[in-house]
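Student: Before we start, here is the structure in question, set down as structure tokens.
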Number of protein chains: 2
Amino acid sequence: MTTADMASKPSPHVVVIGAGFGGLACVRAFRDANVDVTLVDRHNFHTFQPLLYQVATAGLNAADVAYPVRGILRRSQRAKFQLGMVTAVDTVAKNLTLDNGSVMPWDWLVVAAGATTNHFGVPGAAEFGLSLYTLEDATALRNHVLTRFEESASGANDDGALTFVVVGGGATGVEIAGALAELVDKVLRKDFPDLDVSCVKIILLEGQDRLLGPFAPKLSSHAVETLRSRSVDVRLNTPLSRVAEDHVVLGDGTILLTRTVVWAAGVKANALGALLGVELGRGGRIPIRPDLRLIEHDHVLAIGDIAAIDYNGRLAPQVAQVAIQSGRHAAETILAVEAGGATTPFAYKDKGSMATIGRNAAVAEFPNGLKLSGFIGWLSWLGLHILTMLGFRNRASVILNWAWNYVTWDRGPRLIFRKN
Amino acid sequence: MTTADMASKPSPHVVVIGAGFGGLACVRAFRDANVDVTLVDRHNFHTFQPLLYQVATAGLNAADVAYPVRGILRRSQRAKFQLGMVTAVDTVAKNLTLDNGSVMPWDWLVVAAGATTNHFGVPGAAEFGLSLYTLEDATALRNHVLTRFEESASGANDDGALTFVVVGGGATGVEIAGALAELVDKVLRKDFPDLDVSCVKIILLEGQDRLLGPFAPKLSSHAVETLRSRSVDVRLNTPLSRVAEDHVVLGDGTILLTRTVVWAAGVKANALGALLGVELGRGGRIPIRPDLRLIEHDHVLAIGDIAAIDYNGRLAPQVAQVAIQSGRHAAETILAVEAGGATTPFAYKDKGSMATIGRNAAVAEFPNGLKLSGFIGWLSWLGLHILTMLGFRNRASVILNWAWNYVTWDRGPRLIFRKN
């Protein structure tokens, strides 16, 4: 899209930054509108983030949770894709600059750049902690875990080599701890018959007094019990004060020897917000009006994890549903202004939350008060994720992998991809 | 396995270097024997090399052609796996050293380290040519090709950006050229609606006067015709004299602008042969006796691509069937000597050759003179590869991907995995 093109077209050009749940929902909502849309992302694929922990624990292939953006956009005839990272935004001249140096003009800008890992300033966490926010993160974590086992099998078995510390008892921390326990118990035990699997330790650290804070207390207790029954050492009220290459230091000074720290303690908004020249809110989130437009900029909107979206007087959770719903609403706001009408305030509708703890065990909580746990919770988790996976082929491949894992207690994709 | 363990056990310790077709066939042939086997490889997975070109052209996921070695070995109770690269071999003390510094003793050593790219000393080929010998190669080539399209879509369209030169008209070169043509015509044309696909050039360079040298001339002609009908610019009798970052120079001085040179011109034996302290043969292959033992070493054998195996007075081709058959024979030789009996000479049985040219087109030639081409050739290629893929799940995933590609003319795994 060049400036010359723009001048000859009466329809506005909307640029959406980020091909996550929010950005894609926004682009799709423009499908039948008289609007040219360009979606910008630094990857050429959408990442289905809720299942990254399964890639990290060799339950799914990387490609199972990634879907080419150009394939998704084929159905939206007037939507284009641009690969690249945004390095500058000029809200006065209404354009943005990409890392390849090109300048892209826009009439409307929708910022949907999502969130990234928050290390909360814990010393060593950024350097030695393994995150789980991108597909590269997930593959790196899988390589790291499997390599620890291979090294131990070679006899290079220092203390803590097979101790895996997961920091943060939210949904991601619970999921990764549960999946790691399963990987070790059901798969690696058979893969490494000479290795004493009893020296493997999986420790889940949570600073508060319960896991899964946003869920009901009885579901939190269920998660603790299930994880403990699967040999995860759950430690509540246990803050972390430092991470080093071969150990962590707990709040009370205790040292745990480990070479693997999975950092699932929290997220903060993507640094892209800083390019907008506005004052950012808590966690780096971008302050917005009720219709999702920035307070200072009439033609810039923010949605999803990066936006300080209100939900009953508090910040909305940084989850897929908020991103999807706000993405659709952003399109409505833009179309309303373009049509000369009034915008409406965005209201997040909570459809419920879920977290899986492992095979046959998950918790789910719905706004009507319904709470599920155990096998029923797991079945509903399974159905929801199969339904919401993008694209038939990914869905089929995921089902195939899951069915294989479930029936055989095996994990196929336990591959260590080295960088040459 | 330590030296102390060895002393207490009467059964010999066989170390096999390389988890390719040859190494795996050898390990499996020991399944019921009174022998301890250790398989050493630098990857924790077996790579199904015949389908790497499909990973490179986004037809299959990387994980579809990789299978965890420890999973394969579960059926062989006395076989162990050791991840690592061999850095030294002491044929007198009978041990080898790994890159982690550990020393592994052996009673028998089977060298099955395979082959690697042969650049034949062409200037720039090693630096700028893209190989297709490992899974990392295949993923890197896919990233490279897709990135050229993304860059061109951004308008950074220098001459030659969308010219893809494949060097070498053997099976690999023909397969990759055909698959690239299909990727462009059936998938990228739709993914990049604004890009003029007619400026894409796929050029296959062959120094000899026909493609697929080992096949019958009529199959060679069929391959040329099929590729040309799919817009591949096949240039026979066209040697290459130099490769640079943004062009290649042909033997007659012609310059072709290109940023993508796929090097499929030939293979040479893995450099591991140099560690054995013996004089190597043509292409770096290890000279052996008819029973596959090294001429200088009674307890060291070489099999597959790395071995100078005789076939009717010439060197056997470096293909999977030779590796598999010689791997089994190596086990027989070792067991014969251990039993105090005589060894038998290895005789390669040619079961036929196949090469695919793309959708609905392949050539196959059998020792009885049967020649197949076109759709029938393609069906037999498809059936053979599905049958020989290792492991049910990989097979199912491959079938799923292929069925999807075939029915939809789509390619799912067109993902650019960046290294962060």
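Chain labels follow the order of the structure tokens: the first chain is A, the next B, and so on; residue numbering restarts at 1 in every chain, and ligands are counted from 1 in their shown order.
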Could the residues of chain A within 7 Å of chain B, counting only C-alpha atoms, be given as a PyMOL selection string, please?
Tutor: chain A and resi 43-45+61+63+68+70-71+82-83+150+154+191+397+413-416
Student: Residues as selected, N, CA, C and O atoms, written as a JSON list (two decimals), in the first residue's frame, can you do that?
Tutor:
```json
[["chain", "number", "residue", "atom", "x", "y", "z"],
["A", 43, "HIS", "N", 6.00, -12.25, 13.06],
["A", 43, "HIS", "CA", 6.00, -13.62, 12.57],
["A", 43, "HIS", "C", 5.01, -13.74, 11.42],
["A", 43, "HIS", "O", 4.04, -12.99, 11.38],
["A", 44, "ASN", "N", 5.21, -14.70, 10.53],
["A", 44, "ASN", "CA", 4.24, -14.89, 9.46],
["A", 44, "ASN", "C", 3.15, -15.88, 9.87],
["A", 44, "ASN", "O", 2.39, -16.35, 9.05],
["A", 45, "PHE", "N", 3.08, -16.16, 11.18],
["A", 45, "PHE", "CA", 2.05, -17.08, 11.67],
["A", 45, "PHE", "C", 1.41, -16.55, 12.95],
["A", 45, "PHE", "O", 2.02, -15.78, 13.69],
["A", 61, "ASN", "N", 3.53, -30.69, 18.31],
["A", 61, "ASN", "CA", 4.56, -30.11, 17.45],
["A", 61, "ASN", "C", 4.41, -28.59, 17.43],
["A", 61, "ASN", "O", 3.31, -28.07, 17.58],
["A", 63, "ALA", "N", 4.41, -26.75, 14.89],
["A", 63, "ALA", "CA", 3.52, -26.36, 13.81],
["A", 63, "ALA", "C", 2.04, -26.55, 14.17],
["A", 63, "ALA", "O", 1.17, -25.95, 13.55],
["A", 68, "PRO", "N", -0.31, -20.07, 9.44],
["A", 68, "PRO", "CA", 0.16, -18.98, 8.59],
["A", 68, "PRO", "C", -0.88, -17.86, 8.45],
["A", 68, "PRO", "O", -2.03, -18.12, 8.09],
["A", 70, "ARG", "N", -1.16, -15.50, 6.27],
["A", 70, "ARG", "CA", -1.67, -15.31, 4.91],
["A", 70, "ARG", "C", -2.77, -16.32, 4.57],
["A", 70, "ARG", "O", -3.66, -16.04, 3.78],
["A", 71, "GLY", "N", -2.69, -17.49, 5.14],
["A", 71, "GLY", "CA", -3.75, -18.47, 4.95],
["A", 71, "GLY", "C", -5.04, -18.00, 5.61],
["A", 71, "GLY", "O", -6.13, -18.12, 5.05],
["A", 82, "GLN", "N", 1.67, -7.78, 6.40],
["A", 82, "GLN", "CA", 3.02, -7.23, 6.29],
["A", 82, "GLN", "C", 3.88, -7.82, 7.40],
["A", 82, "GLN", "O", 3.60, -7.62, 8.58],
["A", 83, "LEU", "N", 4.93, -8.56, 7.02],
["A", 83, "LEU", "CA", 5.86, -9.11, 8.00],
["A", 83, "LEU", "C", 6.81, -8.02, 8.46],
["A", 83, "LEU", "O", 7.40, -7.32, 7.64],
["A", 150, "GLU", "N", 19.24, -35.97, 28.72],
["A", 150, "GLU", "CA", 20.31, -36.61, 27.94],
["A", 150, "GLU", "C", 21.65, -36.46, 28.66],
["A", 150, "GLU", "O", 22.44, -37.40, 28.72],
["A", 154, "SER", "N", 24.17, -39.35, 30.37],
["A", 154, "SER", "CA", 25.59, -39.49, 30.05],
["A", 154, "SER", "C", 26.44, -39.53, 31.31],
["A", 154, "SER", "O", 27.66, -39.60, 31.23],
["A", 191, "ASP", "N", 11.97, -43.79, 28.37],
["A", 191, "ASP", "CA", 13.06, -43.42, 27.45],
["A", 191, "ASP", "C", 14.43, -43.57, 28.12],
["A", 191, "ASP", "O", 15.42, -43.82, 27.44],
["A", 397, "SER", "N", -4.36, -32.35, 13.36],
["A", 397, "SER", "CA", -3.05, -32.78, 13.83],
["A", 397, "SER", "C", -3.00, -32.77, 15.36],
["A", 397, "SER", "O", -2.42, -33.66, 15.99],
["A", 413, "PRO", "N", 6.62, -35.70, 19.85],
["A", 413, "PRO", "CA", 7.53, -34.65, 19.41],
["A", 413, "PRO", "C", 8.65, -34.35, 20.40],
["A", 413, "PRO", "O", 9.02, -33.20, 20.56],
["A", 414, "ARG", "N", 9.21, -35.38, 21.04],
["A", 414, "ARG", "CA", 10.26, -35.07, 22.01],
["A", 414, "ARG", "C", 11.60, -34.96, 21.30],
["A", 414, "ARG", "O", 12.52, -35.75, 21.49],
["A", 415, "LEU", "N", 11.70, -33.94, 20.47],
["A", 415, "LEU", "CA", 12.85, -33.73, 19.60],
["A", 415, "LEU", "C", 13.66, -32.55, 20.11],
["A", 415, "LEU", "O", 13.10, -31.53, 20.48],
["A", 416, "ILE", "N", 14.95, -32.72, 20.11],
["A", 416, "ILE", "CA", 15.83, -31.60, 20.46],
["A", 416, "ILE", "C", 16.35, -31.00, 19.16],
["A", 416, "ILE", "O", 17.17, -31.60, 18.49]]
```
Student: Tell me, which residues of range 129-222 of chain A carry DSSP strand (DSSP E), written as number ranges by chain?
Tutor: A: 129-130, 163-167, 201-205
Student: What's the 9 Å shell around Phe120 in chain B, counting only C-alpha atoms, without same-chain residues fewer than 2 positions away, as a count of residues only?
Tutor: 6
Student: Can you pull out every residue within 7 Å of range 169-176 of chain B, counting only C-alpha atoms, but drop anything in the same chain fewer than 3 positions away, and send it as a list in words?
Tutor: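 Final neighbour list, sorted by chain and number: Tyr53, Val166, Ala179, Leu180, Leu204, Leu205, Glu206, Leu211, Leu212, Gly213, Ala264, Ala355, Thr356, Ile357 and Gly358 of chain B.
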Student: If you keep all heavy atoms, can you produce a file of those selected residues as a tab-separated table (two decimals), in the first residue's frame?
Tutor:
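The resulting file, out.tsv, is reproduced below:
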```tsv
chain	number	residue	atom	x	y	z
B	53	TYR	N	13.09	-32.64	1.48
B	53	TYR	CA	12.72	-31.60	0.51
B	53	TYR	C	11.29	-31.14	0.72
B	53	TYR	O	10.94	-30.01	0.38
B	53	TYR	CB	12.93	-32.11	-0.94
B	53	TYR	CG	11.84	-33.01	-1.45
B	53	TYR	CD1	10.79	-32.52	-2.20
B	53	TYR	CD2	11.84	-34.36	-1.12
B	53	TYR	CE1	9.77	-33.34	-2.64
B	53	TYR	CE2	10.82	-35.19	-1.56
B	53	TYR	CZ	9.79	-34.67	-2.32
B	53	TYR	OH	8.78	-35.49	-2.74
B	166	VAL	N	18.53	-24.13	-8.40
B	166	VAL	CA	18.82	-25.44	-7.82
B	166	VAL	C	19.98	-26.03	-8.60
B	166	VAL	O	19.92	-26.14	-9.83
B	166	VAL	CB	17.59	-26.37	-7.90
B	166	VAL	CG1	17.91	-27.74	-7.30
B	166	VAL	CG2	16.38	-25.74	-7.20
B	179	ALA	N	9.04	-29.42	-6.30
B	179	ALA	CA	8.25	-29.02	-5.13
B	179	ALA	C	8.20	-27.51	-4.99
B	179	ALA	O	7.18	-26.94	-4.58
B	179	ALA	CB	8.82	-29.66	-3.87
B	180	LEU	N	9.30	-26.83	-5.32
B	180	LEU	CA	9.31	-25.36	-5.27
B	180	LEU	C	8.31	-24.80	-6.28
B	180	LEU	O	7.55	-23.87	-5.97
B	180	LEU	CB	10.70	-24.83	-5.61
B	180	LEU	CG	11.69	-24.63	-4.47
B	180	LEU	CD1	13.02	-24.15	-5.02
B	180	LEU	CD2	11.15	-23.65	-3.45
B	204	LEU	N	16.86	-24.99	-12.78
B	204	LEU	CA	17.57	-26.21	-12.38
B	204	LEU	C	18.80	-26.38	-13.27
B	204	LEU	O	18.67	-26.53	-14.50
B	204	LEU	CB	16.63	-27.42	-12.50
B	204	LEU	CG	17.25	-28.79	-12.19
B	204	LEU	CD1	17.78	-28.85	-10.76
B	204	LEU	CD2	16.21	-29.90	-12.40
B	205	LEU	N	19.97	-26.34	-12.66
B	205	LEU	CA	21.22	-26.45	-13.42
B	205	LEU	C	21.79	-27.86	-13.31
B	205	LEU	O	21.94	-28.40	-12.21
B	205	LEU	CB	22.25	-25.47	-12.87
B	205	LEU	CG	21.89	-23.99	-12.84
B	205	LEU	CD1	23.03	-23.19	-12.22
B	205	LEU	CD2	21.58	-23.50	-14.25
B	206	GLU	N	22.12	-28.45	-14.46
B	206	GLU	CA	22.75	-29.78	-14.46
B	206	GLU	C	23.94	-29.75	-15.42
B	206	GLU	O	23.79	-29.33	-16.57
B	206	GLU	CB	21.72	-30.85	-14.88
B	206	GLU	CG	22.29	-32.20	-15.25
B	206	GLU	CD	23.12	-32.85	-14.14
B	206	GLU	OE1	22.67	-32.86	-12.98
B	206	GLU	OE2	24.25	-33.32	-14.44
B	211	LEU	N	18.95	-35.22	-16.79
B	211	LEU	CA	18.64	-35.28	-15.36
B	211	LEU	C	18.65	-36.73	-14.91
B	211	LEU	O	18.64	-37.65	-15.73
B	211	LEU	CB	17.25	-34.69	-15.09
B	211	LEU	CG	17.02	-33.22	-15.46
B	211	LEU	CD1	15.60	-32.82	-15.09
B	211	LEU	CD2	18.02	-32.32	-14.76
B	212	LEU	N	18.66	-36.97	-13.60
B	212	LEU	CA	18.50	-38.30	-13.03
B	212	LEU	C	19.40	-39.33	-13.70
B	212	LEU	O	18.94	-40.37	-14.18
B	212	LEU	CB	17.03	-38.74	-13.13
B	212	LEU	CG	16.00	-37.86	-12.40
B	212	LEU	CD1	14.59	-38.35	-12.70
B	212	LEU	CD2	16.26	-37.83	-10.90
B	213	GLY	N	20.70	-39.03	-13.73
B	213	GLY	CA	21.70	-39.86	-14.39
B	213	GLY	C	21.54	-41.36	-14.21
B	213	GLY	O	21.60	-42.11	-15.19
B	264	ALA	N	22.35	-29.10	-4.49
B	264	ALA	CA	21.98	-30.52	-4.51
B	264	ALA	C	22.88	-31.25	-5.49
B	264	ALA	O	22.47	-32.19	-6.15
B	264	ALA	CB	20.52	-30.66	-4.91
B	355	ALA	N	12.12	-41.28	-7.94
B	355	ALA	CA	12.26	-39.84	-7.68
B	355	ALA	C	10.94	-39.19	-8.03
B	355	ALA	O	10.33	-39.51	-9.05
B	355	ALA	CB	13.39	-39.24	-8.51
B	356	THR	N	10.50	-38.29	-7.17
B	356	THR	CA	9.24	-37.62	-7.45
B	356	THR	C	9.51	-36.27	-8.08
B	356	THR	O	10.51	-35.63	-7.79
B	356	THR	CB	8.38	-37.47	-6.18
B	356	THR	OG1	7.21	-36.74	-6.52
B	356	THR	CG2	9.12	-36.69	-5.12
B	357	ILE	N	8.63	-35.85	-8.96
B	357	ILE	CA	8.80	-34.57	-9.66
B	357	ILE	C	7.77	-33.56	-9.16
B	357	ILE	O	7.85	-32.38	-9.44
B	357	ILE	CB	8.68	-34.77	-11.18
B	357	ILE	CG1	9.55	-35.95	-11.63
B	357	ILE	CG2	9.07	-33.52	-11.95
B	357	ILE	CD1	9.24	-36.45	-13.02
B	358	GLY	N	6.79	-34.05	-8.42
B	358	GLY	CA	5.74	-33.17	-7.93
B	358	GLY	C	4.42	-33.91	-7.92
B	358	GLY	O	4.37	-35.13	-8.11
```
Student: Quick one: of A:Val197, A:Val14, A:Ser380, A:Gly121, who's nearest to Ser241 in chain A, counting only C-alpha atoms?
Tutor: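 Of A:Val197, A:Val14, A:Ser380, A:Gly121, the one nearest Ser241 in chain A, counting only C-alpha atoms, is A:Gly121.
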Student: Return as a PyMOL selection string the full set of residues in range 50-295 of chain B whose backbone-based DSSP assignment is helix (DSSP H, G or I).
Tutor: chain B and resi 50-56+62-65+69-73+125-128+135-153+171-191+197-199+217-229+271-276+282-284
Student: Please provide the set of residues having any atom within 8 Å of Leu96 in chain A, restricted to only C-alpha atoms, with same-chain residues fewer than 5 positions apart removed, written as a compact mmCIF listing (two decimals) with C-alpha atoms, in the first residue's frame.
Tutor:
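Written out: selection-v4.txt:
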```
# COMPACT_ATOMS: atom_id res chain seq x y z
CA VAL A 86 7.22 -1.74 14.21
CA THR A 87 10.09 0.54 15.23
CA ALA A 88 8.32 3.91 15.30
CA VAL A 89 4.79 5.33 15.28
CA ASP A 90 4.04 8.91 14.24
CA VAL A 103 7.05 3.77 6.22
CA MET A 104 3.40 2.76 6.19
CA PRO A 105 0.63 5.39 6.35
CA TRP A 106 -2.61 4.69 8.17
```
Student: Tell me which protein, DNA and RNA residues are within 10 Å of Thr226 in chain B, counting only C-alpha atoms, leaving out same-chain ones fewer than 2 positions away, and put them as a PDB file with N, CA and C atoms, in the first residue's frame.
Tutor:
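The resulting file, out.pdb, is reproduced below:
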```
ATOM      1  N   GLY B 178      10.851 -29.406  -8.452  1.00  0.00           N
ATOM      2  CA  GLY B 178       9.436 -29.677  -8.680  1.00  0.00           C
ATOM      3  C   GLY B 178       8.573 -29.195  -7.526  1.00  0.00           C
ATOM      4  N   SER B 220      14.586 -39.907 -17.715  1.00  0.00           N
ATOM      5  CA  SER B 220      15.238 -38.592 -17.643  1.00  0.00           C
ATOM      6  C   SER B 220      14.482 -37.582 -18.488  1.00  0.00           C
ATOM      7  N   SER B 221      14.123 -37.987 -19.713  1.00  0.00           N
ATOM      8  CA  SER B 221      13.386 -37.077 -20.588  1.00  0.00           C
ATOM      9  C   SER B 221      12.035 -36.719 -19.985  1.00  0.00           C
ATOM     10  N   HIS B 222      11.377 -37.739 -19.411  1.00  0.00           N
ATOM     11  CA  HIS B 222      10.085 -37.491 -18.776  1.00  0.00           C
ATOM     12  C   HIS B 222      10.230 -36.438 -17.669  1.00  0.00           C
ATOM     13  N   ALA B 223      11.289 -36.539 -16.896  1.00  0.00           N
ATOM     14  CA  ALA B 223      11.503 -35.575 -15.807  1.00  0.00           C
ATOM     15  C   ALA B 223      11.694 -34.171 -16.370  1.00  0.00           C
ATOM     16  N   VAL B 224      12.494 -34.041 -17.422  1.00  0.00           N
ATOM     17  CA  VAL B 224      12.724 -32.720 -18.025  1.00  0.00           C
ATOM     18  C   VAL B 224      11.405 -32.136 -18.527  1.00  0.00           C
ATOM     19  N   ARG B 228       9.589 -28.812 -17.054  1.00  0.00           N
ATOM     20  CA  ARG B 228       9.401 -27.639 -17.929  1.00  0.00           C
ATOM     21  C   ARG B 228       7.925 -27.269 -18.042  1.00  0.00           C
ATOM     22  N   SER B 229       7.047 -28.284 -18.065  1.00  0.00           N
ATOM     23  CA  SER B 229       5.610 -27.992 -18.140  1.00  0.00           C
ATOM     24  C   SER B 229       5.127 -27.310 -16.863  1.00  0.00           C
ATOM     25  N   ARG B 230       5.922 -27.429 -15.798  1.00  0.00           N
ATOM     26  CA  ARG B 230       5.566 -26.762 -14.538  1.00  0.00           C
ATOM     27  C   ARG B 230       6.406 -25.509 -14.321  1.00  0.00           C
ATOM     28  N   SER B 231       6.901 -24.957 -15.431  1.00  0.00           N
ATOM     29  CA  SER B 231       7.601 -23.663 -15.420  1.00  0.00           C
ATOM     30  C   SER B 231       8.976 -23.694 -14.766  1.00  0.00           C
ATOM     31  N   VAL B 232       9.576 -24.887 -14.625  1.00  0.00           N
ATOM     32  CA  VAL B 232      10.958 -24.918 -14.161  1.00  0.00           C
ATOM     33  C   VAL B 232      11.866 -24.764 -15.382  1.00  0.00           C
ATOM     34  N   ILE B 357       8.626 -35.849  -8.961  1.00  0.00           N
ATOM     35  CA  ILE B 357       8.802 -34.572  -9.656  1.00  0.00           C
ATOM     36  C   ILE B 357       7.772 -33.562  -9.158  1.00  0.00           C
ATOM     37  N   GLY B 358       6.791 -34.054  -8.421  1.00  0.00           N
ATOM     38  CA  GLY B 358       5.736 -33.166  -7.926  1.00  0.00           C
ATOM     39  C   GLY B 358       4.423 -33.914  -7.923  1.00  0.00           C
ATOM     40  N   ALA B 361       3.295 -36.853 -10.330  1.00  0.00           N
ATOM     41  CA  ALA B 361       4.378 -37.166 -11.261  1.00  0.00           C
ATOM     42  C   ALA B 361       5.606 -37.668 -10.524  1.00  0.00           C
ATOM     43  N   ALA B 362       6.050 -38.854 -10.902  1.00  0.00           N
ATOM     44  CA  ALA B 362       7.278 -39.412 -10.348  1.00  0.00           C
ATOM     45  C   ALA B 362       7.812 -40.413 -11.356  1.00  0.00           C
ATOM     46  N   GLY B 374       4.907 -40.691 -14.446  1.00  0.00           N
ATOM     47  CA  GLY B 374       3.617 -40.010 -14.347  1.00  0.00           C
ATOM     48  C   GLY B 374       2.860 -40.383 -13.091  1.00  0.00           C
TER      49      GLY B 374
END
```
Student: Skipping near chain neighbours, those fewer than 2 positions away, what residues fall within 9 Å of range 15-25 of chain B using only C-alpha atoms, listed as a VMD selection string?
Tutor: chain B and resid 13 27 to 30 36 to 49 69 72 to 73 85 to 86 104 to 114 303 to 305 320 to 328 331
Student: Between A:Leu292, A:Asp233, A:Ala307, A:Ile386, which one has atoms that come closest to Thr344 in chain A, using only C-alpha atoms?
Tutor: A:Leu292
Student: Counting only C-alpha atoms, which residue out of B:Leu276, B:Leu372, B:Val267, B:Val167 sits closest to Arg242 in chain B?
Tutor: B:Val167
